[in-house]
Amino acid sequence: MSSALLLQSLILGILLGGLYALLAAGLTLYFGVMRVVMIAHSAFLILAGYLAWFFTVTTGWDPLISLVITVPVFFGLGVAVQRLLMTRLKPASLTMMSVLLTFAIALVIEGMLGFTFTGVQRRIKLDYGAASIELFGAQVAVVKLVAFGLAVLALGALWLVLKKTSFGQALRATIQHKEAAELVGVDTAKVASYGFGLGLATAAVGGTALALDATIYPSLHWHWIGPLFAIIVVGGLGSIPGAAIAAMLLGITQSLLQVPLGTTWAQTVFYLALFVTLIVRPQGFFGGRLAQRF
Amino acid sequence: MSTGSGVTLEVHGLSKSFGGVKAVDDATVEFLPGKINALIGPNGSGKTTFFNCVTRMIKADSGTVTLAGKDVTRSTPDRIARLGLGRSFQVCRIFPRMTVMENMLVAVRNPTVSALWRGAHDPEQLERARGWLRRVGIDHLEHAEARNISYGQQKLLELAGVLMADPEIVMLDEPAGGVNPALIGRISTLIRELNAEGRTFIVVEHNMDMVMSLSDHVFVFDRGRPIAAGPPAEVQSDPRVLEAYLGV
Amino acid sequence: MRNDSDLQATGRWAGLRRSPQRMTGLTLVVVVAVFALVFPMTTSTGYLLSTGVVILNYALLATGWNFMGGFTGYISLGHAAYFGLGCYTTAILIDRVELSWWLALALTPVIVGLIAVPIGIAALRVRGASFVIVTIAFVLILLLVSQSWVSLTGGSTGIMIPRPFDGLTRVEHHRVFYYIFVAALVLALFVWWRIDRSRFGMGLKAVREDEDKARALGVPTFWAKLIAFVWSAVFTSLAGGLYALWFGDLDPVFQFSILMGAYMVLMALLGGVRELYGPVVGAIVVGLSIEFFKAEFGDTQFHLVATGLLLAVVVLFMPEGVIPAVRGLFTRFGPQASSIREETAEQLAARQDAVGATTPGSES
């Protein structure tokens with residue numbers, strides 16, 4: 001591999017990793033606050049992608065503007081899903097049943113997308129869609145940079161919310177120790193539903209970023225579930241920084257492997273990492289404490 | 001009935017911390033075989049964590065556990081159980097969606113292929129299970145689902161289930177917790193009888209009357225390790241014990 | 001006084017007595033079985049017969065799934081992996097290794113069972129959510145591999161398996177496979193029933209209820225789970241092998257489909273995972289619905305929506321399944337109406353002194 005190609009792959013890997021980090025952050029949030037495995041997360045991503053595409057097709061405006069609508073709507077949707085559906089599950093079987101319930105939601109979303117927009121592959125047409133700029137001697141598509149920028153912004157905003165607001169504090173307390181948080185007066189039920197909303201809000205941003213640079217179709221979400229789950233398991237379930245590090249590492253590895261192995265086989269790196277993690281260190285490499293045996 | 005009155009359980013230098021808190025701190029305990037051993041101590045003195053580390057439900061940070069001469073420090077909870085150490089839990093744990101009889105048939109001391117494959121409807125096994133149920137006094141509930149019987153009955157079921165594996169050493173975590181005085185008396189009598197048949201008992205208990213009347217040897221825990229040990233009468237008057245309990 | 005043993009419907013140890021419900025259940029099973037056996041003789045409509053085969057295939061898959069999901073409570077959403085492996089093992093043994101079809105079919109569960117051992121060892125190191133993730137990941141990997149490894153699987157162009165029986169018409173082909181599937185299903189149900197009644201089965205169910213407690217009682221939980229996992233893979237792959245022989249054409253997208261795994265879970269859950277016939281009942285209900293949706297709405301995505309909604313309804317409102325729900329109705333309105341509650345409440349007063357019982361949860 002030539003050094004120019006290597007550099008190119010590395011930069012693409014970093015850009016990809018940033019996007020993965022955002023997409024996985026939401027999953028980690030749900031798990032952290034509720035011990036819920038949200039299979040439908042990637043279905044919501046694709047839904048957001050479709051909404052961005054539909055928005056651009058109908059208005060002719062930039063898809064990024066759709067975020068003004070989709071982010072609050074997804075937040076509300078998340079709160080609703082948590083309040084109306086998740087709380088109905090018995091605590092004893094919450095983890096397993098939430099998997100099935102969110103799986104059902106994913107199926108419904110996929111089906112509705114297929115029904116409304118048909119199975120035809122869609123792609124957002126952008127003025128700058130084909131443009132690329134030179135970065136350290138490597139050619140990088142502008143849309144990838146925009147997506148990465150969006151991911152960084154959203155993650156930064158998430159970090160601010162978690163670190164600087166009282167809600168963020170309550171949320172982190174809930175993730176670390178729910179009972180203790182309750183003892184010091186945190187309304188964990190409320191935190192859980194807002195945490196869910198926050199998770200879905202990241203899905204809105206992530207899905208839009210994804211759709212800038214990818215062809216979307218209703219069943220696309222299955223291709224994202226595996227890698228995203230691999231990321232959060234490798235990072236340690238429930239740990240947002242862990243997920244971000246794992247996302248970066250796996251994104252770069254995937255990108256580097258794509259040149260010699262091709263796209264399909266390069267994807268197996270996620271699963272390989274997943275299985276190695278489970279055999280060597282089931283609690284994840286960067287999270288630790290929390291996840292133990294979930 | 002059990003013949004293993006001589007089975008020993010020795011714990012050396014056991015430690016376990018959660019975060020920065022040392023729940024068990026370099027605890028060394030040699031339980032007396034064939035006797036009723038009691039573990040007492042104030043709340044948070046690490047008794048239950050000690051219990052869980054010994055049975056490997058929790059992995060200890062350091063220390064060794066020797067059961068019947070075998071080092072079981074790196075063993076699994078199920079292997080320890082099969083070596084003859086049975087235990088109950090602080091908050092009674094039974095299998096709620098299985099019948100009382102099915103609960104009894106879970107424990108298998110010697111899980112050979114033929115025992116596992118035939119076992120359940122083997123009249124001999126059913127009769128053995130019924131024997132234990134009769135002994136704890138809940139044989140009339142054989143077909144009831146375990147979640148539908150009362151808490152006291154569940155506690156008796158848990159005990160009977162542990163005994164079904166015929167353990168030489170029985171560890172009970174607060175057998176009198178959450179049950180009424182009549183039942184406490186009944187459980188005490190049962191422990192005494194079973195001990196007379198050769199089973200070693202290790203009991204964590206808060207009920208001092210029960211501990212003092214029942215046990216042969218008492219270990220007093222404070223801040224994660226035993227600070228005193230001896231016959232009940234002796235321990236009762238030990239100044240260190242008073243200090244630990246009353247904070248004098 | 002001791003009449004409390006014949007009213008616990010859930011108590012499998014009431015086997016010595018024939019309660020009215022038990023007789024009703026048995027009669028129902030016999031009626032359905034007779035109908036299932038006679039039905040193929042009465043029709044030569046290819047569509048009806050092939051629908052029958054499809055539903056039997058679902059029933060076998062769901063029953064296979066239930067070896068793991070039902071006994072141990074470990075819910076696998078990726079059991080399509082073993083179905084697909086079964087399909088491809090049979091196909092490859094016939095097409096590439098050139099074995100006879102029956103030898104290929106016989107070897108399939110053995111080979112897939114062996115493959116399931118390392119997978120099980122990795123997957124069973126974790127519980128709950130992580131386990132589900134691993135199972136899903138495994139299907140996705142196999143989908144990737146089967147699409148990419150064209151020299152072995154034929155990739156997206158697929159692989160064709162010649163029909164095992166020469167000179168049969170299409171209808172006769174369906175009919176023969178119908179009975180083969182019935183035989184395989186009976187075998188799977190028999191093994192499940194045997195495990196359900198064994199000491200080993202008690203250990204597995206204990207894992208489902210409270211895994212740590214089961215370990216504390218000496219149940220070698222890891223091995224127990226692994227054995228259940230392998231049995232599960234064996235029967236699921238058997239369904240795959242039979243499907244390959246019956247259908248004759250494989251495509252990775254259909255063989256390693258997450259949707260197929262979801263169907264298995266839905267069927268078993270809908271019927272009742274604690275019940276021998278639960279997955280079969282679920283397979284009949286869901287299988288017929290799927291066929292209906294496909295016939296009615298064709299290739300639109302409505303069947304996804306319907307499956308999703310049905311799964312959500314089952315999870316939210318009927319996690320125990322149909323069979324226990326129906327039995328509950330019987331118990332409530334049947335002639336022997338009485339419940340365990342009343343029985344123990346009545347005895348409570350009498351035994352209070354003797355046993356010293358307190359009501360659940362009132363203390364501690």
# chains A, B, ... in the order shown; residues from 1 in each chain; ligands from 1
$ residues_around --residues "Phe117 of chain A" --least-positions-apart "6" --cutoff "12 Å" --atoms "only C-alpha atoms" --output "list in words"
Leu47, Tyr50, Leu51, Trp53, Phe54, Ile109, Glu110, Gly111, Ile216, Tyr217 and Pro218 of chain A; Thr300 and Gln301 of chain C
$ residues_around --residues "Arg134 of chain B" --least-positions-apart "6" --cutoff "12 Å" --atoms "only C-alpha atoms" --output "JSON, numbers by chain"
{"B": [101, 126, 127, 128, 140, 141, 142, 156, 157, 160, 190], "C": [355]}
$ closest_atom_pairs --of "chain C" --to "chain A" --cutoff "9 Å" --atoms "only C-alpha atoms" --output "JSON lines"
{"residue": "C:Gly73", "atom": "CA", "partner": "A:Met96", "partner_atom": "CA", "distance": 8.8}
{"residue": "C:Tyr74", "atom": "CA", "partner": "A:Met96", "partner_atom": "CA", "distance": 8.1}
{"residue": "C:Ile75", "atom": "CA", "partner": "A:Met96", "partner_atom": "CA", "distance": 6.9}
{"residue": "C:Leu77", "atom": "CA", "partner": "A:Leu100", "partner_atom": "CA", "distance": 8.4}
{"residue": "C:Ile121", "atom": "CA", "partner": "A:Ile279", "partner_atom": "CA", "distance": 8.5}
{"residue": "C:Ala122", "atom": "CA", "partner": "A:Ile279", "partner_atom": "CA", "distance": 5.8}
{"residue": "C:Ala123", "atom": "CA", "partner": "A:Leu278", "partner_atom": "CA", "distance": 7.5}
{"residue": "C:Arg125", "atom": "CA", "partner": "A:Leu278", "partner_atom": "CA", "distance": 6.9}
{"residue": "C:Val126", "atom": "CA", "partner": "A:Arg293", "partner_atom": "CA", "distance": 5.9}
{"residue": "C:Arg127", "atom": "CA", "partner": "A:Phe294", "partner_atom": "CA", "distance": 5.6}
{"residue": "C:Gly128", "atom": "CA", "partner": "A:Phe294", "partner_atom": "CA", "distance": 5.7}
{"residue": "C:Ala129", "atom": "CA", "partner": "A:Phe294", "partner_atom": "CA", "distance": 5.8}
{"residue": "C:Ser130", "atom": "CA", "partner": "A:Phe294", "partner_atom": "CA", "distance": 6.0}
{"residue": "C:Phe131", "atom": "CA", "partner": "A:Phe294", "partner_atom": "CA", "distance": 8.4}
{"residue": "C:Val132", "atom": "CA", "partner": "A:Val99", "partner_atom": "CA", "distance": 7.8}
{"residue": "C:Ile133", "atom": "CA", "partner": "A:Phe229", "partner_atom": "CA", "distance": 6.7}
{"residue": "C:Val134", "atom": "CA", "partner": "A:Leu274", "partner_atom": "CA", "distance": 7.8}
{"residue": "C:Ile136", "atom": "CA", "partner": "A:Gly226", "partner_atom": "CA", "distance": 7.2}
{"residue": "C:Ala137", "atom": "CA", "partner": "A:Gly226", "partner_atom": "CA", "distance": 5.3}
{"residue": "C:Phe138", "atom": "CA", "partner": "A:Tyr271", "partner_atom": "CA", "distance": 7.9}
{"residue": "C:Leu140", "atom": "CA", "partner": "A:Gly226", "partner_atom": "CA", "distance": 6.9}
{"residue": "C:Ile141", "atom": "CA", "partner": "A:Thr268", "partner_atom": "CA", "distance": 6.8}
{"residue": "C:Leu144", "atom": "CA", "partner": "A:Thr264", "partner_atom": "CA", "distance": 6.7}
{"residue": "C:Val145", "atom": "CA", "partner": "A:Trp265", "partner_atom": "CA", "distance": 7.9}
{"residue": "C:Gln147", "atom": "CA", "partner": "A:Thr264", "partner_atom": "CA", "distance": 9.0}
{"residue": "C:Ser148", "atom": "CA", "partner": "A:Thr264", "partner_atom": "CA", "distance": 7.2}
{"residue": "C:Ile258", "atom": "CA", "partner": "A:Trp222", "partner_atom": "CA", "distance": 8.2}
{"residue": "C:Leu259", "atom": "CA", "partner": "A:Leu107", "partner_atom": "CA", "distance": 8.6}
{"residue": "C:Ala262", "atom": "CA", "partner": "A:Phe103", "partner_atom": "CA", "distance": 8.3}
{"residue": "C:Val265", "atom": "CA", "partner": "A:Leu100", "partner_atom": "CA", "distance": 8.6}
{"residue": "C:Leu266", "atom": "CA", "partner": "A:Leu100", "partner_atom": "CA", "distance": 8.9}
{"residue": "C:Thr300", "atom": "CA", "partner": "A:Phe115", "partner_atom": "CA", "distance": 6.3}
{"residue": "C:Gln301", "atom": "CA", "partner": "A:Gly111", "partner_atom": "CA", "distance": 4.7}
{"residue": "C:Phe302", "atom": "CA", "partner": "A:Gly111", "partner_atom": "CA", "distance": 6.0}
{"residue": "C:His303", "atom": "CA", "partner": "A:Gly111", "partner_atom": "CA", "distance": 7.5}
{"residue": "C:Leu304", "atom": "CA", "partner": "A:Gly111", "partner_atom": "CA", "distance": 5.0}
{"residue": "C:Val305", "atom": "CA", "partner": "A:Val108", "partner_atom": "CA", "distance": 4.3}
{"residue": "C:Ala306", "atom": "CA", "partner": "A:Val108", "partner_atom": "CA", "distance": 7.5}
{"residue": "C:Thr307", "atom": "CA", "partner": "A:Leu107", "partner_atom": "CA", "distance": 7.3}
{"residue": "C:Gly308", "atom": "CA", "partner": "A:Ala104", "partner_atom": "CA", "distance": 4.1}
{"residue": "C:Leu309", "atom": "CA", "partner": "A:Ala104", "partner_atom": "CA", "distance": 6.5}
{"residue": "C:Leu310", "atom": "CA", "partner": "A:Ala104", "partner_atom": "CA", "distance": 8.1}
{"residue": "C:Leu311", "atom": "CA", "partner": "A:Ala104", "partner_atom": "CA", "distance": 5.8}
{"residue": "C:Ala312", "atom": "CA", "partner": "A:Leu101", "partner_atom": "CA", "distance": 5.4}
{"residue": "C:Val313", "atom": "CA", "partner": "A:Leu101", "partner_atom": "CA", "distance": 8.8}
{"residue": "C:Val315", "atom": "CA", "partner": "A:Leu101", "partner_atom": "CA", "distance": 6.5}
{"residue": "C:Leu316", "atom": "CA", "partner": "A:Leu89", "partner_atom": "CA", "distance": 6.5}
{"residue": "C:Pro319", "atom": "CA", "partner": "A:Met97", "partner_atom": "CA", "distance": 8.6}
$ closest_atom_pairs --of "chain B" --to "chain A" --cutoff "12 Å" --atoms "only C-alpha atoms" --output "Markdown table"
| residue | atom | partner | partner_atom | distance |
| --- | --- | --- | --- | --- |
| B:Phe18 | CA | A:Arg289 | CA | 10.2 |
| B:Gly19 | CA | A:Arg289 | CA | 9.2 |
| B:Ile58 | CA | A:Gln292 | CA | 11.8 |
| B:Pro96 | CA | A:Ala92 | CA | 11.9 |
$ residues_around --residues "Met98 of chain B" --least-positions-apart "3" --cutoff "9 Å" --atoms "only C-alpha atoms" --output "list in words"
Ile94, Phe95, Met101, Glu102, Asn103, Ala144, Glu145, Ala146 and Arg147 of chain B; Thr10, Gly11, Met202, Lys205, Ala206 and Glu209 of chain C
$ select_by_dssp --residues "segment 16-160 of chain B" --states "helix (DSSP H, G or I)" --output "MDAnalysis selection string"
chainID B and resid 47:54 77:82 100:104 113:121 123:136 139:141 146:148 151:160
$ write_last_selection --atoms "C-alpha atoms" --output "compact mmCIF listing (two decimals), in the first residue's frame"
# COMPACT_ATOMS: atom_id res chain seq x y z
CA LYS B 47 -20.42 -11.04 56.30
CA THR B 48 -22.50 -11.51 53.18
CA THR B 49 -19.66 -10.46 50.87
CA PHE B 50 -17.43 -12.94 52.72
CA PHE B 51 -20.07 -15.62 52.11
CA ASN B 52 -20.29 -14.74 48.45
CA CYS B 53 -16.52 -14.79 48.01
CA VAL B 54 -16.21 -18.17 49.69
CA PRO B 77 -19.85 -21.73 42.29
CA ASP B 78 -21.40 -24.87 40.85
CA ARG B 79 -18.26 -26.94 41.42
CA ILE B 80 -18.03 -25.73 44.99
CA ALA B 81 -21.63 -26.77 45.51
CA ARG B 82 -20.90 -30.19 44.08
CA VAL B 100 -42.14 -26.94 44.67
CA MET B 101 -41.20 -30.42 43.52
CA GLU B 102 -39.39 -29.10 40.45
CA ASN B 103 -37.46 -26.75 42.73
CA MET B 104 -36.36 -29.77 44.72
CA VAL B 113 -25.43 -38.47 32.24
CA SER B 114 -27.74 -41.20 33.48
CA ALA B 115 -28.67 -39.29 36.65
CA LEU B 116 -29.53 -36.19 34.62
CA TRP B 117 -31.43 -38.07 31.98
CA ARG B 118 -33.57 -40.31 34.18
CA GLY B 119 -33.70 -38.46 37.45
CA ALA B 120 -36.77 -36.35 37.42
CA HIS B 121 -39.45 -39.00 37.37
CA PRO B 123 -39.59 -42.70 42.06
CA GLU B 124 -36.54 -42.92 44.28
CA GLN B 125 -35.62 -39.28 43.66
CA LEU B 126 -39.21 -38.15 44.10
CA GLU B 127 -39.37 -40.01 47.38
CA ARG B 128 -36.12 -38.42 48.56
CA ALA B 129 -37.43 -34.99 47.65
CA ARG B 130 -40.70 -35.68 49.44
CA GLY B 131 -38.72 -36.78 52.47
CA TRP B 132 -37.01 -33.41 52.70
CA LEU B 133 -40.22 -31.52 52.06
CA ARG B 134 -41.88 -33.51 54.81
CA ARG B 135 -39.02 -32.74 57.12
CA VAL B 136 -39.30 -28.98 56.64
CA ASP B 139 -44.79 -31.65 51.60
CA HIS B 140 -48.45 -30.78 51.14
CA LEU B 141 -47.41 -28.05 48.68
CA ALA B 146 -43.18 -21.78 44.17
CA ARG B 147 -44.22 -18.17 43.64
CA ASN B 148 -47.63 -18.94 45.07
CA TYR B 151 -42.51 -16.25 52.18
CA GLY B 152 -41.98 -18.48 55.17
CA GLN B 153 -42.72 -21.54 53.07
CA GLN B 154 -40.36 -20.27 50.38
CA LYS B 155 -37.62 -20.04 52.97
CA LEU B 156 -38.26 -23.63 54.00
CA LEU B 157 -38.28 -24.65 50.34
CA GLU B 158 -34.94 -22.98 49.79
CA LEU B 159 -33.47 -24.88 52.71
CA ALA B 160 -34.96 -28.18 51.54
$ residues_around --residues "Ile240 of chain A" --least-positions-apart "6" --cutoff "10 Å" --atoms "only C-alpha atoms" --output "PyMOL selection string"
chain A and resi 21-22+24-29+32+155+159+232+246+286-287
$ closest_residue --among "B:Val106, B:Ile227, B:Ala176, B:Ile36" --to "chain C" --atoms "only C-alpha atoms"
B:Val106
$ closest_residue --among "B:Asn37, B:Asn43, B:Thr28, B:Ser17" --to "Pro231 of chain B" --atoms "only C-alpha atoms"
B:Asn37
$ atom_distance --atom1 "atom CA of Asn110 of chain B" --atom2 "atom CA of Gly201 of chain C"
15.3 Å
$ atom_distance --atom1 "atom CA of Leu162 of chain A" --atom2 "atom CA of Pro241 of chain A"
11.8 Å
$ residues_around --residues "Leu194 of chain B" --least-positions-apart "5" --cutoff "12 Å" --atoms "only C-alpha atoms" --output "number ranges by chain"
B: 1-3, 5, 34-36, 132, 135-136, 159-160, 163, 166-170, 187-189, 199-201
$ atom_distance --atom1 "atom CA of Ile202 of chain B" --atom2 "atom CA of Gly178 of chain B"
18.8 Å
$ residues_around --residues "Leu60 of chain C" --least-positions-apart "4" --cutoff "9 Å" --atoms "only C-alpha atoms" --output "VMD selection string"
chain C and resid 55 to 56 64 to 65 181 to 182 184 to 186 188 to 189 235 to 236 238 to 239 279 to 280 283
